[in-house]
$ cat model-v9.cif   # mmCIF, C-alpha atoms
data_coords
#
loop_
_atom_site.group_PDB
_atom_site.id
_atom_site.type_symbol
_atom_site.label_atom_id
_atom_site.label_comp_id
_atom_site.auth_asym_id
_atom_site.auth_seq_id
_atom_site.Cartn_x
_atom_site.Cartn_y
_atom_site.Cartn_z
ATOM 1 C CA MET A 1 -182.396 -12.443 -31.544
ATOM 2 C CA ALA A 2 -180.025 -11.868 -28.640
ATOM 3 C CA SER A 3 -176.637 -13.539 -28.720
ATOM 4 C CA VAL A 4 -175.980 -16.448 -26.352
ATOM 5 C CA THR A 5 -174.629 -15.346 -22.955
ATOM 6 C CA LEU A 6 -171.843 -16.923 -20.911
ATOM 7 C CA LYS A 7 -174.459 -17.806 -18.306
ATOM 8 C CA GLU A 8 -176.479 -19.682 -20.951
ATOM 9 C CA ILE A 9 -173.376 -21.509 -22.225
ATOM 10 C CA ASP A 10 -172.634 -22.524 -18.642
ATOM 11 C CA LYS A 11 -176.229 -23.745 -18.211
ATOM 12 C CA PHE A 12 -175.915 -25.827 -21.400
ATOM 13 C CA HIS A 13 -172.712 -27.494 -20.145
ATOM 14 C CA LYS A 14 -174.329 -28.189 -16.778
ATOM 15 C CA GLU A 15 -177.722 -29.459 -17.991
ATOM 16 C CA GLY A 16 -176.986 -30.759 -21.519
ATOM 17 C CA PHE A 17 -179.612 -28.601 -23.261
ATOM 18 C CA LEU A 18 -180.508 -24.944 -23.726
ATOM 19 C CA ALA A 19 -183.746 -23.341 -24.956
ATOM 20 C CA MET A 20 -183.460 -19.966 -26.699
ATOM 21 C CA GLU A 21 -186.695 -18.173 -27.572
ATOM 22 C CA ARG A 22 -187.207 -16.222 -30.836
ATOM 23 C CA PHE A 23 -183.971 -17.450 -32.411
ATOM 24 C CA PHE A 24 -185.618 -17.395 -35.846
ATOM 25 C CA SER A 25 -188.285 -14.934 -37.014
ATOM 26 C CA PRO A 26 -191.899 -15.971 -37.657
ATOM 27 C CA GLU A 27 -191.238 -15.205 -41.351
ATOM 28 C CA GLU A 28 -188.303 -17.658 -41.452
ATOM 29 C CA CYS A 29 -190.483 -20.332 -39.820
ATOM 30 C CA ASP A 30 -193.298 -19.709 -42.304
ATOM 31 C CA ALA A 31 -190.836 -19.924 -45.218
ATOM 32 C CA MET A 32 -189.727 -23.382 -44.035
ATOM 33 C CA ARG A 33 -193.333 -24.547 -43.690
ATOM 34 C CA ALA A 34 -194.214 -23.225 -47.160
ATOM 35 C CA GLU A 35 -191.179 -24.998 -48.642
ATOM 36 C CA ILE A 36 -192.132 -28.288 -47.012
ATOM 37 C CA ARG A 37 -195.665 -27.967 -48.453
ATOM 38 C CA LYS A 38 -194.102 -27.699 -51.939
ATOM 39 C CA ILE A 39 -191.901 -30.753 -51.282
ATOM 40 C CA VAL A 40 -194.900 -32.784 -50.040
ATOM 41 C CA ASP A 41 -197.021 -31.712 -53.035
ATOM 42 C CA GLY A 42 -194.355 -33.138 -55.356
ATOM 43 C CA MET A 43 -193.710 -36.255 -53.251
ATOM 44 C CA ASP A 44 -193.542 -39.699 -54.845
ATOM 45 C CA VAL A 45 -194.531 -42.392 -52.385
ATOM 46 C CA PRO A 46 -191.661 -44.889 -52.126
ATOM 47 C CA PRO A 47 -192.399 -48.319 -53.676
ATOM 48 C CA HIS A 48 -191.939 -50.227 -50.391
ATOM 49 C CA CYS A 49 -194.939 -48.274 -49.003
ATOM 50 C CA ARG A 50 -197.073 -49.456 -51.928
ATOM 51 C CA THR A 51 -196.604 -53.181 -51.282
ATOM 52 C CA GLU A 52 -199.827 -55.099 -50.790
ATOM 53 C CA PHE A 53 -199.377 -57.340 -47.755
ATOM 54 C CA SER A 54 -200.303 -60.878 -48.766
ATOM 55 C CA THR A 55 -197.456 -63.334 -48.192
ATOM 56 C CA LYS A 56 -194.626 -63.622 -45.719
ATOM 57 C CA GLU A 57 -192.185 -63.251 -48.602
ATOM 58 C CA GLU A 58 -193.744 -59.986 -49.724
ATOM 59 C CA GLU A 59 -193.703 -58.672 -46.154
ATOM 60 C CA GLN A 60 -190.014 -59.567 -46.065
ATOM 61 C CA LEU A 61 -189.423 -57.702 -49.344
ATOM 62 C CA GLN A 62 -191.291 -54.696 -47.969
ATOM 63 C CA ALA A 63 -189.162 -54.707 -44.822
ATOM 64 C CA GLN A 64 -186.033 -55.023 -46.967
ATOM 65 C CA GLY A 65 -187.182 -52.117 -49.158
ATOM 66 C CA SER A 66 -187.878 -50.035 -46.094
ATOM 67 C CA ALA A 67 -184.451 -50.867 -44.636
ATOM 68 C CA GLU A 68 -182.630 -49.930 -47.841
ATOM 69 C CA TYR A 69 -184.679 -46.746 -48.180
ATOM 70 C CA PHE A 70 -183.674 -45.666 -44.665
ATOM 71 C CA LEU A 71 -180.024 -46.735 -44.849
ATOM 72 C CA THR A 72 -179.413 -44.848 -48.096
ATOM 73 C CA SER A 73 -181.260 -41.660 -47.069
ATOM 74 C CA GLY A 74 -178.238 -39.820 -45.646
ATOM 75 C CA ASP A 75 -177.547 -37.965 -48.899
ATOM 76 C CA LYS A 76 -181.152 -37.693 -50.139
ATOM 77 C CA ILE A 77 -184.494 -36.083 -49.308
ATOM 78 C CA ARG A 78 -186.760 -38.980 -48.353
ATOM 79 C CA PHE A 79 -190.173 -39.514 -46.776
ATOM 80 C CA PHE A 80 -191.011 -41.456 -43.606
ATOM 81 C CA PHE A 81 -194.657 -42.048 -42.680
ATOM 82 C CA GLU A 82 -196.766 -42.469 -39.569
ATOM 83 C CA LYS A 83 -198.221 -45.929 -38.898
ATOM 84 C CA GLY A 84 -201.594 -46.771 -40.389
ATOM 85 C CA VAL A 85 -201.738 -44.073 -43.075
ATOM 86 C CA PHE A 86 -201.811 -46.482 -46.074
ATOM 87 C CA ASP A 87 -204.306 -49.129 -47.100
ATOM 88 C CA GLY A 88 -203.198 -52.538 -48.405
ATOM 89 C CA LYS A 89 -202.485 -51.124 -51.866
ATOM 90 C CA GLY A 90 -200.338 -48.300 -50.558
ATOM 91 C CA ASP A 91 -202.966 -45.603 -51.098
ATOM 92 C CA PHE A 92 -203.400 -42.844 -48.526
ATOM 93 C CA LEU A 93 -206.078 -43.203 -45.866
ATOM 94 C CA VAL A 94 -205.448 -39.594 -44.741
ATOM 95 C CA PRO A 95 -204.501 -36.429 -46.683
ATOM 96 C CA LYS A 96 -200.882 -36.930 -47.732
ATOM 97 C CA GLU A 97 -199.638 -33.848 -45.866
ATOM 98 C CA ARG A 98 -201.076 -35.432 -42.678
ATOM 99 C CA SER A 99 -199.416 -38.831 -43.333
ATOM 100 C CA LEU A 100 -195.789 -37.935 -42.742
ATOM 101 C CA ASN A 101 -193.712 -38.533 -39.641
ATOM 102 C CA LYS A 102 -190.591 -36.859 -41.021
ATOM 103 C CA ILE A 103 -188.602 -35.930 -44.108
ATOM 104 C CA GLY A 104 -184.830 -36.567 -44.000
ATOM 105 C CA HIS A 105 -181.896 -36.624 -44.029
ATOM 106 C CA ALA A 106 -180.213 -34.137 -46.409
ATOM 107 C CA LEU A 107 -182.556 -31.138 -46.583
ATOM 108 C CA HIS A 108 -179.596 -29.045 -45.403
ATOM 109 C CA ALA A 109 -177.609 -29.926 -48.521
ATOM 110 C CA TYR A 110 -180.159 -30.084 -51.310
ATOM 111 C CA ASN A 111 -182.937 -27.640 -50.511
ATOM 112 C CA PRO A 112 -182.068 -23.921 -50.774
ATOM 113 C CA VAL A 113 -184.450 -22.781 -48.002
ATOM 114 C CA PHE A 114 -183.217 -25.337 -45.463
ATOM 115 C CA LYS A 115 -179.610 -24.873 -46.541
ATOM 116 C CA GLU A 116 -179.892 -21.147 -45.841
ATOM 117 C CA ILE A 117 -181.432 -21.742 -42.395
ATOM 118 C CA THR A 118 -178.804 -24.361 -41.487
ATOM 119 C CA HIS A 119 -175.966 -21.965 -42.343
ATOM 120 C CA ALA A 120 -177.758 -18.813 -41.075
ATOM 121 C CA SER A 121 -175.391 -16.206 -39.628
ATOM 122 C CA GLN A 122 -176.971 -16.505 -36.160
ATOM 123 C CA VAL A 123 -176.439 -20.295 -36.232
ATOM 124 C CA GLN A 124 -172.771 -19.892 -37.187
ATOM 125 C CA LEU A 125 -172.267 -17.261 -34.475
ATOM 126 C CA LEU A 126 -173.952 -19.401 -31.811
ATOM 127 C CA VAL A 127 -171.947 -22.506 -32.697
ATOM 128 C CA LYS A 128 -168.683 -20.502 -32.670
ATOM 129 C CA LYS A 129 -169.586 -19.198 -29.205
ATOM 130 C CA MET A 130 -170.238 -22.796 -28.098
ATOM 131 C CA GLY A 131 -166.585 -23.445 -28.983
ATOM 132 C CA LEU A 132 -166.891 -25.624 -32.091
ATOM 133 C CA GLU A 133 -163.882 -25.112 -34.350
ATOM 134 C CA ASN A 134 -164.710 -27.228 -37.395
ATOM 135 C CA PRO A 135 -168.380 -28.276 -37.240
ATOM 136 C CA VAL A 136 -169.847 -30.282 -40.108
ATOM 137 C CA VAL A 137 -173.531 -30.979 -40.779
ATOM 138 C CA VAL A 138 -174.227 -34.718 -40.571
ATOM 139 C CA GLN A 139 -178.009 -34.868 -41.049
ATOM 140 C CA SER A 140 -181.224 -32.862 -41.044
ATOM 141 C CA MET A 141 -184.907 -33.682 -40.593
ATOM 142 C CA TYR A 142 -188.274 -31.999 -40.833
ATOM 143 C CA ILE A 143 -190.522 -33.532 -38.160
ATOM 144 C CA PHE A 144 -194.300 -33.109 -38.367
ATOM 145 C CA LYS A 145 -195.670 -34.489 -35.054
ATOM 146 C CA GLN A 146 -199.103 -34.741 -36.651
ATOM 147 C CA PRO A 147 -202.217 -33.742 -34.675
ATOM 148 C CA GLY A 148 -203.846 -36.728 -32.978
ATOM 149 C CA ILE A 149 -201.450 -39.344 -34.455
ATOM 150 C CA GLY A 150 -197.972 -37.868 -33.893
ATOM 151 C CA GLY A 151 -196.188 -40.733 -32.166
ATOM 152 C CA GLU A 152 -194.079 -40.493 -29.041
ATOM 153 C CA VAL A 153 -190.283 -40.446 -29.258
ATOM 154 C CA THR A 154 -189.049 -42.666 -26.453
ATOM 155 C CA PRO A 155 -186.157 -41.610 -24.179
ATOM 156 C CA HIS A 156 -182.872 -41.698 -26.077
ATOM 157 C CA GLN A 157 -179.470 -40.087 -26.585
ATOM 158 C CA ASP A 158 -178.581 -38.790 -30.050
ATOM 159 C CA ALA A 159 -175.061 -40.242 -29.763
ATOM 160 C CA THR A 160 -176.642 -43.728 -29.734
ATOM 161 C CA PHE A 161 -177.354 -43.180 -33.437
ATOM 162 C CA LEU A 162 -174.560 -40.697 -34.263
ATOM 163 C CA HIS A 163 -171.563 -42.245 -32.543
ATOM 164 C CA THR A 164 -168.166 -40.558 -32.427
ATOM 165 C CA GLU A 165 -164.767 -41.204 -30.893
ATOM 166 C CA PRO A 166 -164.416 -39.473 -28.530
ATOM 167 C CA LEU A 167 -167.994 -38.879 -27.410
ATOM 168 C CA GLY A 168 -169.225 -35.329 -26.802
ATOM 169 C CA ARG A 169 -168.750 -34.186 -30.407
ATOM 170 C CA VAL A 170 -172.392 -34.132 -31.557
ATOM 171 C CA LEU A 171 -174.702 -31.143 -31.130
ATOM 172 C CA GLY A 172 -178.380 -31.039 -32.127
ATOM 173 C CA LEU A 173 -180.181 -27.829 -33.106
ATOM 174 C CA TRP A 174 -183.970 -28.159 -32.863
ATOM 175 C CA ILE A 175 -186.093 -25.314 -34.272
ATOM 176 C CA ALA A 176 -189.800 -24.979 -33.408
ATOM 177 C CA LEU A 177 -191.721 -23.816 -36.482
ATOM 178 C CA GLU A 178 -194.898 -23.621 -34.370
ATOM 179 C CA ASP A 179 -195.311 -23.283 -30.611
ATOM 180 C CA ALA A 180 -194.092 -26.547 -29.030
ATOM 181 C CA THR A 181 -196.225 -27.119 -25.924
ATOM 182 C CA GLN A 182 -196.773 -29.912 -23.418
ATOM 183 C CA GLU A 183 -200.077 -30.604 -25.204
ATOM 184 C CA ASN A 184 -198.630 -31.085 -28.708
ATOM 185 C CA GLY A 185 -195.401 -32.886 -27.847
ATOM 186 C CA CYS A 186 -192.576 -30.571 -26.732
ATOM 187 C CA LEU A 187 -189.196 -32.005 -25.740
ATOM 188 C CA TRP A 188 -188.498 -33.337 -22.234
ATOM 189 C CA PHE A 189 -184.968 -33.708 -20.813
ATOM 190 C CA ILE A 190 -183.188 -35.262 -17.858
ATOM 191 C CA PRO A 191 -180.914 -32.369 -16.804
ATOM 192 C CA GLY A 192 -177.285 -33.404 -16.337
ATOM 193 C CA SER A 193 -177.756 -36.831 -17.975
ATOM 194 C CA HIS A 194 -175.121 -36.023 -20.627
ATOM 195 C CA THR A 195 -172.216 -36.681 -18.243
ATOM 196 C CA LYS A 196 -172.430 -40.473 -17.944
ATOM 197 C CA GLY A 197 -171.630 -41.695 -21.475
ATOM 198 C CA ILE A 198 -174.131 -43.609 -23.622
ATOM 199 C CA ALA A 199 -176.269 -46.604 -22.729
ATOM 200 C CA ARG A 200 -176.372 -48.161 -26.184
ATOM 201 C CA GLN A 201 -175.079 -47.826 -29.726
ATOM 202 C CA MET A 202 -177.018 -48.488 -32.929
ATOM 203 C CA VAL A 203 -174.873 -50.218 -35.561
ATOM 204 C CA ARG A 204 -175.377 -51.425 -39.131
ATOM 205 C CA THR A 205 -175.942 -55.161 -39.502
ATOM 206 C CA ALA A 206 -174.441 -57.221 -42.343
ATOM 207 C CA PRO A 207 -175.560 -56.001 -45.818
ATOM 208 C CA GLY A 208 -178.880 -57.538 -46.876
ATOM 209 C CA THR A 209 -179.916 -58.328 -43.283
ATOM 210 C CA VAL A 210 -183.334 -57.272 -41.969
ATOM 211 C CA PRO A 211 -183.476 -55.388 -39.708
ATOM 212 C CA CYS A 212 -180.633 -53.325 -41.143
ATOM 213 C CA THR A 213 -179.518 -52.048 -37.726
ATOM 214 C CA ALA A 214 -179.067 -53.512 -34.254
ATOM 215 C CA PHE A 215 -178.391 -52.146 -30.781
ATOM 216 C CA ILE A 216 -175.392 -52.863 -28.588
ATOM 217 C CA GLY A 217 -176.459 -52.320 -24.979
ATOM 218 C CA THR A 218 -179.937 -51.468 -23.665
ATOM 219 C CA GLU A 219 -181.648 -48.218 -22.774
ATOM 220 C CA PRO A 220 -182.232 -48.052 -19.003
ATOM 221 C CA GLU A 221 -185.696 -47.520 -17.559
ATOM 222 C CA TYR A 222 -186.108 -43.866 -16.640
ATOM 223 C CA GLU A 223 -188.517 -42.457 -14.087
ATOM 224 C CA ASN A 224 -190.949 -39.923 -15.535
ATOM 225 C CA SER A 225 -190.174 -37.680 -12.570
ATOM 226 C CA GLN A 226 -186.571 -37.283 -13.831
ATOM 227 C CA PHE A 227 -187.728 -35.419 -16.947
ATOM 228 C CA VAL A 228 -188.472 -31.705 -17.223
ATOM 229 C CA PRO A 229 -190.593 -30.288 -20.072
ATOM 230 C CA VAL A 230 -189.002 -27.680 -22.344
ATOM 231 C CA PRO A 231 -191.784 -25.878 -24.221
ATOM 232 C CA VAL A 232 -190.648 -23.214 -26.708
ATOM 233 C CA GLY A 233 -192.491 -20.714 -28.852
ATOM 234 C CA LYS A 234 -192.466 -20.518 -32.637
ATOM 235 C CA GLY A 235 -188.939 -19.630 -33.787
ATOM 236 C CA GLY A 236 -187.393 -20.964 -30.573
ATOM 237 C CA LEU A 237 -184.232 -23.074 -30.741
ATOM 238 C CA VAL A 238 -183.258 -25.922 -28.424
ATOM 239 C CA LEU A 239 -179.586 -26.920 -28.308
ATOM 240 C CA ILE A 240 -179.191 -30.626 -27.531
ATOM 241 C CA HIS A 241 -175.971 -32.244 -26.281
ATOM 242 C CA GLY A 242 -175.346 -35.576 -28.033
ATOM 243 C CA GLU A 243 -175.485 -37.533 -24.771
ATOM 244 C CA VAL A 244 -178.391 -35.858 -22.951
ATOM 245 C CA VAL A 245 -181.417 -38.138 -22.412
ATOM 246 C CA HIS A 246 -184.564 -36.662 -23.977
ATOM 247 C CA LYS A 247 -187.977 -37.676 -25.287
ATOM 248 C CA SER A 248 -191.279 -36.296 -26.556
ATOM 249 C CA GLU A 249 -194.790 -37.456 -25.740
ATOM 250 C CA PRO A 250 -197.456 -38.432 -28.318
ATOM 251 C CA ASN A 251 -199.425 -35.554 -29.800
ATOM 252 C CA TYR A 252 -203.076 -36.122 -28.932
ATOM 253 C CA SER A 253 -203.927 -32.448 -29.457
ATOM 254 C CA ASP A 254 -205.533 -30.999 -32.576
ATOM 255 C CA SER A 255 -202.504 -28.849 -33.438
ATOM 256 C CA SER A 256 -199.347 -30.040 -35.197
ATOM 257 C CA ARG A 257 -195.814 -29.415 -33.902
ATOM 258 C CA HIS A 258 -193.606 -28.871 -36.940
ATOM 259 C CA VAL A 259 -189.862 -28.780 -36.337
ATOM 260 C CA TYR A 260 -186.704 -28.454 -38.409
ATOM 261 C CA THR A 261 -183.731 -30.094 -36.727
ATOM 262 C CA PHE A 262 -180.149 -30.850 -37.722
ATOM 263 C CA HIS A 263 -177.052 -32.337 -36.137
ATOM 264 C CA LEU A 264 -173.504 -31.062 -36.160
ATOM 265 C CA MET A 265 -170.270 -32.873 -35.391
ATOM 266 C CA GLU A 266 -167.080 -31.185 -34.276
ATOM 267 C CA ALA A 267 -164.828 -32.717 -36.948
ATOM 268 C CA LYS A 268 -161.552 -31.581 -35.365
ATOM 269 C CA ASP A 269 -159.797 -34.595 -33.775
ATOM 270 C CA THR A 270 -162.971 -36.706 -34.109
ATOM 271 C CA THR A 271 -163.668 -40.080 -35.735
ATOM 272 C CA TRP A 272 -167.146 -40.759 -37.105
ATOM 273 C CA SER A 273 -168.020 -44.389 -36.365
ATOM 274 C CA PRO A 274 -167.875 -46.550 -39.528
ATOM 275 C CA ARG A 275 -170.676 -48.616 -37.933
ATOM 276 C CA ASN A 276 -173.167 -45.706 -37.797
ATOM 277 C CA TRP A 277 -176.245 -46.147 -40.003
ATOM 278 C CA LEU A 278 -175.502 -42.728 -41.508
ATOM 279 C CA GLN A 279 -172.327 -42.414 -43.547
ATOM 280 C CA PRO A 280 -170.928 -39.582 -45.657
ATOM 281 C CA THR A 281 -170.901 -40.434 -49.370
ATOM 282 C CA PRO A 282 -168.780 -39.314 -52.333
ATOM 283 C CA GLU A 283 -171.861 -37.348 -53.511
ATOM 284 C CA LEU A 284 -172.311 -35.725 -50.093
ATOM 285 C CA PRO A 285 -169.355 -35.532 -47.726
ATOM 286 C CA PHE A 286 -170.480 -33.866 -44.474
ATOM 287 C CA PRO A 287 -170.529 -30.135 -45.398
ATOM 288 C CA PRO A 288 -168.738 -27.614 -43.135
ATOM 289 C CA LEU A 289 -171.147 -25.393 -41.189
ATOM 290 C CA TYR A 290 -169.001 -22.278 -41.391
ATOM 291 C CA THR A 291 -169.243 -20.496 -44.721
ATOM 292 C CA HIS A 292 -166.817 -17.726 -45.557
ATOM 293 C CA ASN A 293 -168.802 -15.148 -47.456
#
$ encode --input "model-v9.cif" --output "C-alpha cells"
Amino acid sequence: MASVTLKEIDKFHKEGFLAMERFFSPEECDAMRAEIRKIVDGMDVPPHCRTEFSTKEEEQLQAQGSAEYFLTSGDKIRFFFEKGVFDGKGDFLVPKERSLNKIGHALHAYNPVFKEITHASQVQLLVKKMGLENPVVVQSMYIFKQPGIGGEVTPHQDATFLHTEPLGRVLGLWIALEDATQENGCLWFIPGSHTKGIARQMVRTAPGTVPCTAFIGTEPEYENSQFVPVPVGKGGLVLIHGEVVHKSEPNYSDSSRHVYTFHLMEAKDTTWSPRNWLQPTPELPFPPLYTHN
C-alpha cells in the first residue's frame, strides 16, 4: 500500500473525505470476515430481542431494554439486528449470520484481530501524516449491509453523534472487506460539506427515559444531486471527516457489503461532550492509537 501523498491530504481537507484503494490486503480482509463468523457463531441473542410483543407495557420494557443495551455498548461487543429478522418469540426468521445490521462498539479493544487492524502500522503512519498528535479510538463497528435487506443510512455527520469541543477532532476510518459498489451500498458524500459546522447534536436523555437519546437541531433536506458516490474495492479505506455529510443507499443486490469502521478523536486540547451517548468507562478509557513497540 502506497503512503498518503500531500496531494491526497490536500484533497481530504478540501472535500472532507478520501478514498485509498488496497490499503489492506485481501488476506487481512478475509481474516476479519473469518473472525466475525466466529463471533456470530458464539452470539447470544440479547434478551430484549426475545420479548414477545403482547402488551403496551411489554413493548415499553423491550424498548427500555434496547435503549440500555445500546447506551452501555461503548465498552462491549454487542449485536444490533436488521428489522423483521425475529418472530414474536425472538427466534430467527433468517439464518443468524444474515440477521445482523452491525456489531459494536469495542471490537478494537477486546478482539485481537480487530485490535491489530485498528493499530496496524499503516493506520498509525497515515494518521500521523494527517497531523493527529494524540489520537484515541472512541468506537468501532462491523457493518454487514446484508444482501436484499441492508437498510439505507440516511445523510448524517459523524460529529452529530460524536461531539467534541472544538469540532473537527473526529476522524472515521472505513475499511471495505468486500468491493463496495453503487449496487450494494457504497458511501456517498457531499464534497466540501465539512466546513459549515453541524446541523444537529444527539444527546443522552434523563436516565430511564425512552428513547434514551434526543436530537438538538434538525438535519436539513439535501438534494440527491449534491452527493457523489465513492465506490472502493476490497481492502480500500475511506477517510471520513467528522463533519462531512454522507450516506449509503439500501442494498437491494444479492451481494453483501461488509465493512470494519472505527472513529478516532484527536485528544490533544479537545473535550469529549459529556452528553454524547458514548462515554469512556473505567473499564475502557479511550485507548491511544499510537503504540510504541
$ atom_distance --input "model-v9.cif" --atom1 "atom CA of A:Pro285" --atom2 "atom CA of A:Leu132"
18.7 Å
$ closest_residue --input "model-v9.cif" --among "A:Leu162, A:Ile175, A:Leu239, A:Leu167" --to "A:Phe189" --atoms "only C-alpha atoms"
A:Leu239
$ residues_around --input "model-v9.cif" --residues "A:Lys128" --least-positions-apart "2" --cutoff "12 Å" --atoms "all atoms listed in the file" --output "MDAnalysis selection string"
chainID A and resid 3:4 9 121:126 130:135 266 289:290
$ write_last_selection --input "model-v9.cif" --atoms "C-alpha atoms" --output "short mmCIF file (atom, residue, chain, number, x, y, z; two decimals), in the coordinates of the input"
data_model
loop_
_atom_site.label_atom_id
_atom_site.label_comp_id
_atom_site.auth_asym_id
_atom_site.auth_seq_id
_atom_site.Cartn_x
_atom_site.Cartn_y
_atom_site.Cartn_z
CA SER A 3 -176.64 -13.54 -28.72
CA VAL A 4 -175.98 -16.45 -26.35
CA ILE A 9 -173.38 -21.51 -22.22
CA SER A 121 -175.39 -16.21 -39.63
CA GLN A 122 -176.97 -16.50 -36.16
CA VAL A 123 -176.44 -20.30 -36.23
CA GLN A 124 -172.77 -19.89 -37.19
CA LEU A 125 -172.27 -17.26 -34.48
CA LEU A 126 -173.95 -19.40 -31.81
CA MET A 130 -170.24 -22.80 -28.10
CA GLY A 131 -166.58 -23.44 -28.98
CA LEU A 132 -166.89 -25.62 -32.09
CA GLU A 133 -163.88 -25.11 -34.35
CA ASN A 134 -164.71 -27.23 -37.40
CA PRO A 135 -168.38 -28.28 -37.24
CA GLU A 266 -167.08 -31.18 -34.28
CA LEU A 289 -171.15 -25.39 -41.19
CA TYR A 290 -169.00 -22.28 -41.39
#
$ residues_around --input "model-v9.cif" --residues "A:Cys29" --least-positions-apart "4" --cutoff "9 Å" --atoms "only C-alpha atoms" --output "compact mmCIF listing (two decimals) with C-alpha atoms, in the coordinates of the input"
# COMPACT_ATOMS: atom_id res chain seq x y z
CA PHE A 24 -185.62 -17.40 -35.85
CA SER A 25 -188.28 -14.93 -37.01
CA ARG A 33 -193.33 -24.55 -43.69
CA ALA A 34 -194.21 -23.22 -47.16
CA ILE A 175 -186.09 -25.31 -34.27
CA ALA A 176 -189.80 -24.98 -33.41
CA LEU A 177 -191.72 -23.82 -36.48
CA GLU A 178 -194.90 -23.62 -34.37
CA LYS A 234 -192.47 -20.52 -32.64
CA GLY A 235 -188.94 -19.63 -33.79
$ closest_residue --input "model-v9.cif" --among "A:Met202, A:Leu284, A:Val238, A:Ile77" --to "A:Asp44" --atoms "only C-alpha atoms"
A:Ile77
$ atom_distance --input "model-v9.cif" --atom1 "atom CA of A:Ala267" --atom2 "atom CA of A:Pro288"
8.9 Å
$ closest_atom_pairs --input "model-v9.cif" --of "stretch 95-144 of chain A" --to "stretch 275-283 of chain A" --cutoff "12 Å" --atoms "all atoms listed in the file" --output "tab-separated table"
residue	atom	partner	partner_atom	distance
A:Gly104	CA	A:Leu278	CA	11.5
A:His105	CA	A:Leu278	CA	9.2
A:Ala106	CA	A:Pro280	CA	10.8
A:Ala109	CA	A:Glu283	CA	10.6
A:Tyr110	CA	A:Glu283	CA	11.2
A:Val136	CA	A:Pro280	CA	10.9
A:Val137	CA	A:Pro280	CA	10.2
A:Val138	CA	A:Pro280	CA	7.8
A:Gln139	CA	A:Leu278	CA	8.3
A:Ser140	CA	A:Leu278	CA	11.4
$ resolve_selection --input "model-v9.cif" --expression "the PyMOL selection byres ((chain A and resi 62) around 12)" --output "MDAnalysis selection string"
chainID A and resid 46:61 63:69 90 210:211
$ closest_residue --input "model-v9.cif" --among "A:Lys96, A:Arg37, A:Lys89, A:His258" --to "A:Asp179" --atoms "all atoms listed in the file"
A:His258
$ resolve_selection --input "model-v9.cif" --expression "the PyMOL selection byres ((chain A and resi 22) around 9)" --output "PDB file with C-alpha atoms, in the coordinates of the input"
ATOM      1  CA  MET A   1    -182.396 -12.443 -31.544  1.00  0.00           C
ATOM      2  CA  ALA A   2    -180.025 -11.868 -28.640  1.00  0.00           C
ATOM      3  CA  MET A  20    -183.460 -19.966 -26.699  1.00  0.00           C
ATOM      4  CA  GLU A  21    -186.695 -18.173 -27.572  1.00  0.00           C
ATOM      5  CA  PHE A  23    -183.971 -17.450 -32.411  1.00  0.00           C
ATOM      6  CA  PHE A  24    -185.618 -17.395 -35.846  1.00  0.00           C
ATOM      7  CA  SER A  25    -188.285 -14.934 -37.014  1.00  0.00           C
ATOM      8  CA  PRO A  26    -191.899 -15.971 -37.657  1.00  0.00           C
ATOM      9  CA  VAL A 232    -190.648 -23.214 -26.708  1.00  0.00           C
ATOM     10  CA  GLY A 233    -192.491 -20.714 -28.852  1.00  0.00           C
ATOM     11  CA  LYS A 234    -192.466 -20.518 -32.637  1.00  0.00           C
ATOM     12  CA  GLY A 235    -188.939 -19.630 -33.787  1.00  0.00           C
ATOM     13  CA  GLY A 236    -187.393 -20.964 -30.573  1.00  0.00           C
ATOM     14  CA  LEU A 237    -184.232 -23.074 -30.741  1.00  0.00           C
TER      15      LEU A 237
END
$ atom_distance --input "model-v9.cif" --atom1 "atom CA of A:Lys129" --atom2 "atom CA of A:Asp269"
18.8 Å
$ resolve_selection --input "model-v9.cif" --expression "the PyMOL selection byres ((chain A and resi 216) around 12)" --output "list in words"
Thr160, Phe161, His163, Ile198, Ala199, Arg200, Gln201, Met202, Val203, Arg204, Thr205, Thr213, Ala214, Phe215, Gly217, Thr218, Glu219, Arg275 and Asn276 of chain A
$ residues_around --input "model-v9.cif" --residues "A:Phe92" --least-positions-apart "4" --cutoff "12 Å" --atoms "only C-alpha atoms" --output "PyMOL selection string"
chain A and resi 45+49-50+81-88+96-100
$ closest_residue --input "model-v9.cif" --among "A:Pro229, A:Gly74, A:Gly150, A:Gly192" --to "A:His108" --atoms "all atoms listed in the file"
A:Gly74
$ closest_residue --input "model-v9.cif" --among "A:Leu173, A:Leu71, A:Val113, A:Val127" --to "A:His241" --atoms "all atoms listed in the file"
A:Leu173
$ axis_aligned_box --input "model-v9.cif" --around "stretch 122-130 of chain A" --padding-each-side "6 Å" --output "AutoDock Vina command-line options"
--center_x -172.8 --center_y -19.7 --center_z -32.6 --size_x 20.3 --size_y 18.3 --size_z 21.1
$ closest_residue --input "model-v9.cif" --among "A:Leu6, A:Gln182, A:Val230, A:Gln146" --to "A:Leu18" --atoms "all atoms listed in the file"
A:Val230
